[in-house]
file query-v4.txt (compact mmCIF, C-alpha atoms)
# COMPACT_ATOMS: atom_id res chain seq x y z
CA MET A 1 48.33 47.85 25.28
CA ASP A 2 45.59 49.64 27.16
CA ILE A 3 46.66 51.24 30.43
CA ARG A 4 43.99 49.36 32.37
CA GLU A 5 45.09 45.97 31.07
CA ALA A 6 48.67 46.80 32.12
CA LEU A 7 47.64 48.00 35.59
CA TYR A 8 45.45 44.94 36.22
CA THR A 9 47.71 42.21 34.86
CA THR A 10 51.23 43.24 35.87
CA ARG A 11 51.62 40.73 38.66
CA ALA A 12 54.82 39.22 40.07
CA MET A 13 56.21 36.95 37.33
CA ARG A 14 59.08 35.05 38.90
CA ARG A 15 59.21 32.04 36.56
CA VAL A 16 60.77 33.24 33.32
CA LYS A 17 62.79 31.79 30.45
CA PRO A 18 66.51 32.44 30.08
CA ASP A 19 65.97 33.96 26.59
CA PRO A 20 67.66 37.37 26.32
CA ILE A 21 65.65 40.59 26.20
CA PRO A 22 66.59 42.58 23.06
CA GLU A 23 68.42 45.83 23.62
CA GLU A 24 65.70 47.96 22.01
CA VAL A 25 63.18 46.49 24.47
CA GLN A 26 65.52 47.31 27.37
CA ALA A 27 65.80 50.87 26.03
CA ARG A 28 62.02 51.31 25.84
CA ILE A 29 61.63 50.01 29.39
CA LEU A 30 64.18 52.44 30.85
CA ASP A 31 62.99 55.39 28.76
CA ALA A 32 59.48 54.91 30.16
CA ALA A 33 60.84 54.57 33.70
CA ILE A 34 62.60 57.95 33.76
CA ARG A 35 59.37 59.80 32.84
CA ALA A 36 58.05 59.12 36.35
CA PRO A 37 57.90 62.02 38.81
CA SER A 38 60.35 62.47 41.68
CA GLY A 39 60.34 64.93 44.57
CA GLY A 40 61.19 68.40 43.26
CA ASN A 41 61.98 66.66 39.94
CA THR A 42 65.44 65.98 41.39
CA GLN A 43 65.70 62.64 39.56
CA SER A 44 68.04 61.42 42.30
CA TRP A 45 68.11 57.99 40.74
CA ARG A 46 70.37 55.58 38.95
CA PHE A 47 69.44 52.39 37.15
CA MET A 48 71.62 49.41 36.39
CA LEU A 49 71.02 46.54 34.00
CA VAL A 50 72.88 43.39 34.97
CA ASP A 51 73.34 40.61 32.45
CA ASP A 52 76.90 39.50 33.24
CA PRO A 53 76.76 35.75 34.07
CA ASP A 54 79.33 35.86 36.89
CA GLU A 55 77.54 38.75 38.57
CA ARG A 56 74.18 37.05 38.27
CA THR A 57 75.67 33.95 39.93
CA ALA A 58 77.16 36.03 42.76
CA LEU A 59 73.89 37.93 43.25
CA GLY A 60 71.94 34.66 43.12
CA ALA A 61 73.98 33.33 46.05
CA LEU A 62 73.26 36.50 48.04
CA TYR A 63 69.57 36.38 47.10
CA SER A 64 69.35 32.79 48.32
CA GLU A 65 70.84 33.69 51.70
CA CYS A 66 68.46 36.65 52.04
CA ILE A 67 65.43 34.49 51.24
CA ASP A 68 66.46 31.91 53.85
CA THR A 69 66.65 34.75 56.38
CA LEU A 70 63.24 36.03 55.30
CA TRP A 71 61.51 32.69 55.85
CA GLY A 72 63.19 32.30 59.24
CA THR A 73 62.24 35.78 60.50
CA PHE A 74 59.69 38.13 58.88
CA TYR A 75 57.61 35.33 57.34
CA LYS A 76 58.10 32.68 60.03
CA ASP A 77 54.62 33.19 61.48
CA ARG A 78 52.99 32.90 58.08
CA LEU A 79 54.90 29.68 57.29
CA ASP A 80 53.97 28.27 60.70
CA ALA A 81 50.34 29.08 59.88
CA VAL A 82 50.67 27.20 56.58
CA ALA A 83 52.07 24.14 58.41
CA ALA A 84 49.26 24.26 60.99
CA ASP A 85 46.41 24.62 58.47
CA PRO A 86 47.64 23.94 54.93
CA ASP A 87 44.18 23.93 53.33
CA SER A 88 43.02 27.42 54.33
CA GLU A 89 42.78 30.00 51.58
CA ASP A 90 45.52 32.13 53.17
CA SER A 91 47.81 29.10 53.48
CA MET A 92 47.31 28.07 49.88
CA GLN A 93 48.08 31.60 48.72
CA MET A 94 51.21 31.76 50.88
CA GLN A 95 52.29 28.34 49.59
CA ARG A 96 51.92 29.58 46.00
CA ILE A 97 54.09 32.58 46.78
CA LYS A 98 56.66 30.36 48.48
CA ASN A 99 56.77 27.94 45.54
CA SER A 100 57.36 30.85 43.20
CA VAL A 101 60.09 32.33 45.42
CA ASP A 102 61.68 28.86 45.77
CA TRP A 103 61.89 28.81 41.98
CA ALA A 104 63.56 32.23 41.96
CA GLN A 105 65.98 31.11 44.67
CA LYS A 106 67.08 28.06 42.65
CA ASN A 107 67.19 29.85 39.29
CA PHE A 108 68.24 33.40 40.06
CA ALA A 109 71.38 33.20 37.90
CA THR A 110 69.24 32.27 34.86
CA TYR A 111 67.26 35.54 34.83
CA PRO A 112 68.40 37.10 31.55
CA LEU A 113 68.25 40.62 32.98
CA LEU A 114 68.24 42.22 36.42
CA LEU A 115 67.19 45.83 36.79
CA PHE A 116 68.56 47.53 39.90
CA ALA A 117 67.32 50.93 41.07
CA PHE A 118 69.28 53.22 43.38
CA ASP A 119 68.36 56.44 45.12
CA ARG A 120 69.60 58.93 47.65
CA ASN A 121 67.91 61.55 49.83
CA ASP A 122 64.63 59.70 49.39
CA ALA A 123 63.53 58.60 52.84
CA SER A 124 60.02 57.53 51.84
CA GLY A 125 60.82 55.70 48.60
CA GLY A 126 58.31 57.97 46.88
CA SER A 127 60.88 59.26 44.42
CA ILE A 128 62.14 55.90 43.14
CA PHE A 129 59.29 53.37 43.21
CA PRO A 130 57.06 55.19 40.69
CA ALA A 131 59.96 54.88 38.20
CA VAL A 132 60.52 51.23 39.09
CA TRP A 133 56.84 50.43 38.71
CA SER A 134 56.77 52.30 35.38
CA ALA A 135 59.64 50.05 34.22
CA MET A 136 57.62 46.98 35.21
CA LEU A 137 54.48 48.26 33.44
CA ALA A 138 56.49 49.13 30.32
CA ALA A 139 58.01 45.65 30.46
CA ARG A 140 54.51 44.15 30.67
CA ALA A 141 53.54 45.98 27.49
CA GLU A 142 56.55 44.30 25.81
CA GLY A 143 55.52 40.86 27.08
CA VAL A 144 58.37 40.87 29.60
CA GLY A 145 57.58 39.58 33.09
CA SER A 146 59.16 40.99 36.23
CA SER A 147 58.97 40.96 40.00
CA LEU A 148 60.09 43.50 42.56
CA THR A 149 62.24 42.48 45.50
CA SER A 150 63.85 44.53 48.24
CA VAL A 151 65.12 41.42 50.05
CA LEU A 152 68.72 41.96 48.88
CA ALA A 153 68.80 44.90 51.31
CA LEU A 154 69.58 42.24 53.94
CA LYS A 155 72.96 41.89 52.20
CA GLU A 156 73.20 45.49 51.06
CA THR A 157 76.94 45.89 51.64
CA GLU A 158 77.74 42.77 49.63
CA VAL A 159 75.40 43.81 46.80
CA HIS A 160 76.94 47.28 46.71
CA THR A 161 80.38 45.66 46.43
CA VAL A 162 79.36 43.41 43.52
CA LEU A 163 77.83 46.34 41.63
CA GLY A 164 80.38 48.99 42.63
CA VAL A 165 77.81 51.28 44.26
CA PRO A 166 79.36 54.41 45.86
CA ALA A 167 77.52 54.11 49.17
CA ASP A 168 79.91 56.71 50.63
CA LYS A 169 78.21 59.25 48.35
CA GLY A 170 74.79 58.39 49.72
CA TRP A 171 73.64 56.03 46.97
CA HIS A 172 71.93 52.85 47.99
CA MET A 173 70.01 50.06 46.33
CA ALA A 174 66.23 50.57 46.47
CA CYS A 175 65.33 47.24 44.88
CA CYS A 176 66.09 44.58 42.29
CA VAL A 177 63.68 43.68 39.49
CA PRO A 178 64.50 40.35 37.79
CA MET A 179 63.07 40.29 34.27
CA GLY A 180 62.42 37.76 31.51
CA TYR A 181 59.81 36.28 29.20
CA PRO A 182 57.34 34.44 31.42
CA THR A 183 56.58 30.72 31.29
CA GLY A 184 53.12 31.30 32.81
CA ARG A 185 50.11 33.35 31.85
CA TRP A 186 49.22 36.93 32.67
CA GLY A 187 46.13 37.44 34.79
CA VAL A 188 44.43 39.65 37.33
CA ALA A 189 45.87 39.02 40.79
CA LYS A 190 43.47 38.43 43.66
CA ARG A 191 43.32 41.27 46.15
CA ARG A 192 41.26 42.38 49.13
CA PRO A 193 38.58 44.61 47.58
CA VAL A 194 38.79 48.40 47.67
CA HIS A 195 36.02 48.88 50.23
CA GLU A 196 37.88 46.71 52.75
CA VAL A 197 41.07 48.75 52.58
CA SER A 198 39.76 52.26 51.88
CA TYR A 199 38.09 54.95 53.93
CA ARG A 200 36.55 58.36 53.39
CA ASN A 201 37.53 61.41 55.45
CA LYS A 202 38.27 59.43 58.63
CA TRP A 203 40.03 56.16 59.37
CA GLY A 204 37.41 53.41 59.58
CA GLN A 205 34.68 55.35 57.78
CA PRO A 206 33.21 53.64 54.66
CA VAL A 207 34.67 54.86 51.37
CA GLY A 208 31.15 55.12 49.97
CA PHE A 209 31.08 52.36 47.34
CA GLU A 210 31.63 48.61 47.18
CA ILE A 211 33.57 46.85 44.43
CA PRO A 212 33.00 43.11 44.90
CA GLU A 213 34.64 42.16 41.56
CA PRO A 214 37.54 43.74 39.63
CA LEU A 215 36.32 46.57 37.35
CA TRP A 216 38.47 45.22 34.52
CA PRO A 217 38.15 43.53 32.06
CA MET B 1 44.55 55.02 26.62
CA ASP B 2 47.75 53.31 25.57
CA ILE B 3 50.07 52.36 28.42
CA ARG B 4 52.97 54.27 26.89
CA GLU B 5 50.97 57.49 26.58
CA ALA B 6 50.04 57.18 30.25
CA LEU B 7 53.61 56.47 31.37
CA TYR B 8 55.03 59.38 29.36
CA THR B 9 52.43 62.04 30.12
CA THR B 10 51.50 61.51 33.77
CA ARG B 11 53.40 64.45 35.13
CA ALA B 12 52.77 66.45 38.30
CA MET B 13 49.51 68.37 37.71
CA ARG B 14 49.14 70.74 40.63
CA ARG B 15 46.85 73.34 39.05
CA VAL B 16 43.39 71.80 38.88
CA LYS B 17 39.78 72.94 38.89
CA PRO B 18 37.54 72.57 41.94
CA ASP B 19 35.05 70.46 39.93
CA PRO B 20 34.20 67.22 41.75
CA ILE B 21 35.45 63.85 40.53
CA PRO B 22 32.49 61.48 40.02
CA GLU B 23 32.29 58.54 42.38
CA GLU B 24 32.57 55.95 39.59
CA VAL B 25 35.85 57.56 38.51
CA GLN B 26 37.12 57.43 42.09
CA ALA B 27 36.16 53.74 42.21
CA ARG B 28 38.06 52.93 38.99
CA ILE B 29 41.14 54.76 40.28
CA LEU B 30 41.22 52.83 43.57
CA ASP B 31 40.36 49.48 41.99
CA ALA B 32 43.35 49.86 39.65
CA ALA B 33 45.59 50.89 42.57
CA ILE B 34 45.00 47.74 44.64
CA ARG B 35 46.11 45.49 41.74
CA ALA B 36 49.70 46.59 42.32
CA PRO B 37 52.12 44.13 43.93
CA SER B 38 53.27 44.37 47.55
CA GLY B 39 55.94 42.40 49.40
CA GLY B 40 54.69 38.85 50.02
CA ASN B 41 51.33 40.11 48.69
CA THR B 42 50.63 41.33 52.24
CA GLN B 43 48.65 44.35 50.97
CA SER B 44 49.60 46.20 54.17
CA TRP B 45 47.97 49.31 52.86
CA ARG B 46 45.03 51.59 53.45
CA PHE B 47 43.72 54.37 51.25
CA MET B 48 41.66 57.37 52.20
CA LEU B 49 39.71 59.75 50.01
CA VAL B 50 39.26 63.16 51.57
CA ASP B 51 36.62 65.55 50.21
CA ASP B 52 35.32 67.07 53.44
CA PRO B 53 35.74 70.87 53.17
CA ASP B 54 36.78 71.44 56.79
CA GLU B 55 39.39 68.71 56.61
CA ARG B 56 40.77 70.05 53.35
CA THR B 57 41.10 73.48 54.95
CA ALA B 58 42.89 72.02 57.99
CA LEU B 59 45.19 69.94 55.79
CA GLY B 60 45.84 72.96 53.57
CA ALA B 61 47.10 74.93 56.56
CA LEU B 62 49.44 72.07 57.51
CA TYR B 63 50.60 71.71 53.89
CA SER B 64 51.41 75.41 53.76
CA GLU B 65 53.55 75.20 56.90
CA CYS B 66 55.38 72.14 55.54
CA ILE B 67 56.12 73.86 52.22
CA ASP B 68 57.53 76.90 54.01
CA THR B 69 59.82 74.55 55.95
CA LEU B 70 60.84 72.80 52.71
CA TRP B 71 61.92 76.04 51.01
CA GLY B 72 63.82 77.08 54.10
CA THR B 73 65.71 73.79 54.51
CA PHE B 74 65.93 71.00 51.90
CA TYR B 75 65.49 73.31 48.90
CA LYS B 76 67.24 76.38 50.28
CA ASP B 77 70.37 75.79 48.19
CA ARG B 78 68.33 75.41 45.01
CA LEU B 79 66.38 78.61 45.70
CA ASP B 80 69.62 80.45 46.44
CA ALA B 81 70.93 79.21 43.09
CA VAL B 82 67.78 80.54 41.38
CA ALA B 83 68.32 83.95 43.01
CA ALA B 84 71.99 84.00 41.99
CA ASP B 85 71.43 82.97 38.35
CA PRO B 86 67.72 83.21 37.45
CA ASP B 87 68.22 82.63 33.72
CA SER B 88 69.99 79.26 33.82
CA GLU B 89 68.03 76.25 32.61
CA ASP B 90 68.10 74.68 36.09
CA SER B 91 66.87 77.90 37.68
CA MET B 92 64.03 78.29 35.24
CA GLN B 93 62.94 74.71 35.86
CA MET B 94 63.13 75.19 39.62
CA GLN B 95 61.16 78.43 39.33
CA ARG B 96 58.44 76.62 37.36
CA ILE B 97 58.22 73.98 40.09
CA LYS B 98 58.09 76.67 42.76
CA ASN B 99 55.33 78.58 40.95
CA SER B 100 53.32 75.41 40.72
CA VAL B 101 53.86 74.55 44.40
CA ASP B 102 53.01 78.16 45.35
CA TRP B 103 49.70 77.61 43.57
CA ALA B 104 49.09 74.40 45.53
CA GLN B 105 50.01 76.16 48.77
CA LYS B 106 47.45 78.91 48.15
CA ASN B 107 44.72 76.65 46.82
CA PHE B 108 45.13 73.38 48.68
CA ALA B 109 41.63 73.50 50.17
CA THR B 110 40.11 73.73 46.67
CA TYR B 111 41.42 70.35 45.51
CA PRO B 112 38.19 68.40 45.04
CA LEU B 113 39.78 65.15 46.20
CA LEU B 114 42.83 64.14 48.22
CA LEU B 115 44.03 60.55 48.11
CA PHE B 116 46.07 59.51 51.13
CA ALA B 117 48.02 56.24 51.24
CA PHE B 118 49.13 54.53 54.44
CA ASP B 119 51.37 51.56 55.07
CA ARG B 120 53.07 49.63 57.83
CA ASN B 121 56.03 47.25 57.95
CA ASP B 122 57.23 48.70 54.65
CA ALA B 123 60.62 50.25 55.34
CA SER B 124 61.56 50.84 51.69
CA GLY B 125 58.24 52.17 50.40
CA GLY B 126 58.34 49.43 47.75
CA SER B 127 55.00 48.02 48.87
CA ILE B 128 52.97 51.23 48.72
CA PHE B 129 54.31 53.47 45.96
CA PRO B 130 53.54 51.07 43.08
CA ALA B 131 49.87 51.22 44.19
CA VAL B 132 49.99 55.02 44.54
CA TRP B 133 51.56 55.42 41.11
CA SER B 134 48.95 53.03 39.63
CA ALA B 135 46.26 55.31 41.09
CA MET B 136 47.88 58.31 39.41
CA LEU B 137 48.17 56.48 36.06
CA ALA B 138 44.57 55.30 36.29
CA ALA B 139 43.55 58.89 37.08
CA ARG B 140 45.48 60.07 34.00
CA ALA B 141 43.46 57.68 31.85
CA GLU B 142 40.31 59.33 33.24
CA GLY B 143 41.60 62.82 32.48
CA VAL B 144 42.23 63.47 36.18
CA GLY B 145 45.47 65.23 37.10
CA SER B 146 47.40 64.50 40.27
CA SER B 147 50.66 65.11 42.04
CA LEU B 148 52.46 63.13 44.72
CA THR B 149 53.70 64.80 47.87
CA SER B 150 55.33 63.38 50.97
CA VAL B 151 55.90 66.82 52.47
CA LEU B 152 53.05 66.44 54.99
CA ALA B 153 55.32 63.94 56.78
CA LEU B 154 56.88 67.05 58.36
CA LYS B 155 53.57 67.42 60.24
CA GLU B 156 52.82 63.71 60.44
CA THR B 157 51.38 63.75 63.95
CA GLU B 158 48.97 66.57 63.11
CA VAL B 159 47.91 64.88 59.84
CA HIS B 160 47.32 61.60 61.65
CA THR B 161 45.12 63.44 64.14
CA VAL B 162 43.01 65.11 61.42
CA LEU B 163 42.49 61.78 59.63
CA GLY B 164 42.21 59.56 62.74
CA VAL B 165 45.15 57.33 61.77
CA PRO B 166 45.97 54.66 64.40
CA ALA B 167 49.70 55.33 64.50
CA ASP B 168 49.90 53.22 67.68
CA LYS B 169 49.11 50.19 65.50
CA GLY B 170 52.02 50.94 63.16
CA TRP B 171 50.09 52.72 60.41
CA HIS B 172 51.56 55.88 58.98
CA MET B 173 50.94 58.17 56.05
CA ALA B 174 53.11 57.36 53.04
CA CYS B 175 51.95 60.29 50.92
CA CYS B 176 49.14 62.55 49.80
CA VAL B 177 47.97 62.79 46.19
CA PRO B 178 45.80 65.86 45.47
CA MET B 179 43.60 65.22 42.44
CA GLY B 180 41.40 67.20 40.08
CA TYR B 181 40.70 68.06 36.46
CA PRO B 182 43.73 69.99 35.22
CA THR B 183 43.68 73.55 33.92
CA GLY B 184 46.86 72.91 31.89
CA ARG B 185 47.85 70.48 29.18
CA TRP B 186 49.32 67.00 29.41
CA GLY B 187 52.78 66.56 28.00
CA VAL B 188 56.03 64.65 28.22
CA ALA B 189 58.12 65.96 31.13
CA LYS B 190 61.75 66.79 30.50
CA ARG B 191 64.20 64.38 32.10
CA ARG B 192 67.90 63.62 32.07
CA PRO B 193 68.21 60.93 29.37
CA VAL B 194 68.52 57.23 30.22
CA HIS B 195 72.19 56.93 29.26
CA GLU B 196 73.13 59.63 31.78
CA VAL B 197 71.46 57.88 34.70
CA SER B 198 71.90 54.20 33.80
CA TYR B 199 74.77 51.74 33.88
CA ARG B 200 75.41 48.16 32.85
CA ASN B 201 76.89 45.59 35.24
CA LYS B 202 79.04 48.10 37.17
CA TRP B 203 78.41 51.59 38.51
CA GLY B 204 79.74 54.11 35.97
CA GLN B 205 79.85 51.66 33.05
CA PRO B 206 77.82 52.70 29.95
CA VAL B 207 74.40 51.11 29.66
CA GLY B 208 75.11 50.30 26.02
CA PHE B 209 72.70 52.61 24.19
CA GLU B 210 71.94 56.31 23.96
CA ILE B 211 68.43 57.78 23.89
CA PRO B 212 68.78 61.48 23.06
CA GLU B 213 65.02 62.00 22.56
CA PRO B 214 61.99 60.38 24.26
CA LEU B 215 60.98 57.13 22.51
CA TRP B 216 57.33 58.19 22.65
CA PRO B 217 55.31 59.41 20.82

call {"tool": "encode", "arguments": {"input": "query-v4.txt", "output": "structure tokens"}}
result
Amino acid sequence: MDIREALYTTRAMRRVKPDPIPEEVQARILDAAIRAPSGGNTQSWRFMLVDDPDERTALGALYSECIDTLWGTFYKDRLDAVAADPDSEDSMQMQRIKNSVDWAQKNFATYPLLLFAFDRNDASGGSIFPAVWSAMLAARAEGVGSSLTSVLALKETEVHTVLGVPADKGWHMACCVPMGYPTGRWGVAKRRPVHEVSYRNKWGQPVGFEIPEPLWP
Amino acid sequence: MDIREALYTTRAMRRVKPDPIPEEVQARILDAAIRAPSGGNTQSWRFMLVDDPDERTALGALYSECIDTLWGTFYKDRLDAVAADPDSEDSMQMQRIKNSVDWAQKNFATYPLLLFAFDRNDASGGSIFPAVWSAMLAARAEGVGSSLTSVLALKETEVHTVLGVPADKGWHMACCVPMGYPTGRWGVAKRRPVHEVSYRNKWGQPVGFEIPEPLWP
């Protein structure tokens, strides 16, 4: 698969089938992930694949609690905005995200594979998320869908207990990436265009070009 | 370029030529970056391209101070280990990194393009570093080398002043990615293999496969 196709079409794929991901595919995903750079090439990372049914059930219960918290706090304003004006473009987009997350909340235990990433001494996240995103791009090339969630951090202690993470040695969960073969189609996600979120030399100064439509395909 | 080639060969490229990067290449890099996912698709990000010579000189001075601090603090133990046993494999690797960073320290102002990324409300970094890494992979496909550094965070206030970042509105620099056409060759970076840094279902439990050599090419 061409790099540009992967970069443009690796969107959050939360609705996936329970079909297992073959071990050789898992191996290719992780082997691509560890090629990513990390600060000083310290590779202060650990990865964990979770496919044990009991663990997935336990993690699913924690995920569900975290999501309920998320809707009631960080995303409360956005959900209130949806209720007030359900037909606006922003509301419809938020509703699509919520429907997809609702699906994940109900079906978390059916994800055939969860990839957890852990780091330490990485305050910015800049030494773990390139590797995580490489795993997701490598998965895309294998036809495996994924989504990245940090929401389990709201129950970090409980997650660390389930997975046996030695938090006393400084390790902590950076994120969880549920994976599986998608039920939906791949496509280019809608985004605010580059010229609305980019500057040149000074904050607020035009970047110098406009890109009204995606440059791929 | 195939996605796997990009994932395996996008290593830190600090030594680059001063030749400018054409605007259409810059546009393709940023347009790929903004396709990355972010929490709740909030896209709470801004990007800035810096090519102004005076700014690059000012940022180069700040970078140099930050690197000096880094060697004297976070990496002091590793440099002491290099001095004590310069011929070990770890020492030689560290010395290679240091030589490369020394080059960047001396030549920072000659990077033809600096890409800065900013975020807010993103405690983990999980909503900005996928986009940054996509930019670096897209650059790789264009033959443009890059490296990711968060070290300027040690002089965050000064950097924000140079770039006009409205820190009072919650925005802050996530990282800086110097870019340019490399003087060296692309290659697969050496890493600890997957089975040494990955587990299955419980911390410390074997992941289930061994990958002694990179699975690409």

call {"tool": "closest_residue", "arguments": {"input": "query-v4.txt", "among": "B:Arg28, B:Lys76, B:His195, B:Arg140", "to": "Pro214 (chain B)", "atoms": "all atoms listed in the file"}}
result
B:His195

call {"tool": "residues_near_point", "arguments": {"input": "query-v4.txt", "point": "(62.1, 39.5, 50.2)", "cutoff": "9 Å", "atoms": "only C-alpha atoms", "output": "ChimeraX atom specification"}}
result
/A:63,66-67,70-71,101,148-154 /B:39-40

call {"tool": "atom_distance", "arguments": {"input": "query-v4.txt", "atom1": "CA of Val25 (chain A)", "atom2": "CA of Arg56 (chain A)"}}
result
20.0 Å

call {"tool": "closest_residue", "arguments": {"input": "query-v4.txt", "among": "A:Glu5, A:Gly126, A:Thr69, A:Asn41", "to": "Val177 (chain B)", "atoms": "all atoms listed in the file"}}
result
A:Gly126

call {"tool": "closest_residue", "arguments": {"input": "query-v4.txt", "among": "B:Ala32, B:Leu115, B:Ala109, B:Ile21", "to": "Leu137 (chain B)", "atoms": "all atoms listed in the file"}}
result
B:Ala32

call {"tool": "atom_distance", "arguments": {"input": "query-v4.txt", "atom1": "CA of Leu79 (chain B)", "atom2": "CA of Phe116 (chain B)"}}
result
28.4 Å

call {"tool": "closest_residue", "arguments": {"input": "query-v4.txt", "among": "A:Ala84, A:Ala138, A:Leu62, A:Val159", "to": "chain B", "atoms": "only C-alpha atoms"}}
result
A:Ala138

call {"tool": "closest_residue", "arguments": {"input": "query-v4.txt", "among": "A:Ala58, A:Leu7, A:Val82, A:Met179", "to": "chain B", "atoms": "all atoms listed in the file"}}
result
A:Leu7

call {"tool": "closest_residue", "arguments": {"input": "query-v4.txt", "among": "A:Pro212, A:Gly125, A:Pro53, A:Pro22", "to": "chain B", "atoms": "all atoms listed in the file"}}
result
A:Gly125

call {"tool": "atom_distance", "arguments": {"input": "query-v4.txt", "atom1": "CA of Leu163 (chain A)", "atom2": "CA of Val197 (chain B)"}}
result
14.9 Å

call {"tool": "residues_around", "arguments": {"input": "query-v4.txt", "residues": "Ile97 (chain B)", "least_positions_apart": "5", "cutoff": "12 Å", "atoms": "only C-alpha atoms", "output": "PyMOL selection string"}}
result
(chain A and resi 38-42) or (chain B and resi 11-15+71+75+78-79+82+90-92+102-104+147)

call {"tool": "axis_aligned_box", "arguments": {"input": "query-v4.txt", "around": "region 134-143 of chain A", "padding_each_side": "4 Å", "output": "AutoDock Vina command-line options"}}
result
--center_x 56.6 --center_y 46.6 --center_z 30.6 --size_x 14.1 --size_y 19.4 --size_z 17.6

call {"tool": "residues_around", "arguments": {"input": "query-v4.txt", "residues": "Lys169 (chain B)", "least_positions_apart": "5", "cutoff": "12 Å", "atoms": "only C-alpha atoms", "output": "PyMOL selection string"}}
result
chain B and resi 118-121+164

call {"tool": "residues_near_point", "arguments": {"input": "query-v4.txt", "point": "(61.0, 27.6, 34.2)", "cutoff": "12 Å", "atoms": "only C-alpha atoms", "output": "PyMOL selection string"}}
result
chain A and resi 13-19+100+102-104+106-108+110-111+180-184

call {"tool": "residues_around", "arguments": {"input": "query-v4.txt", "residues": "Ala141 (chain B)", "least_positions_apart": "3", "cutoff": "9 Å", "atoms": "all atoms listed in the file", "output": "list of chain:residue names"}}
result
A:Ile3, A:Arg4, B:Met1, B:Asp2, B:Ala6, B:Met136, B:Leu137, B:Ala138, B:Val144
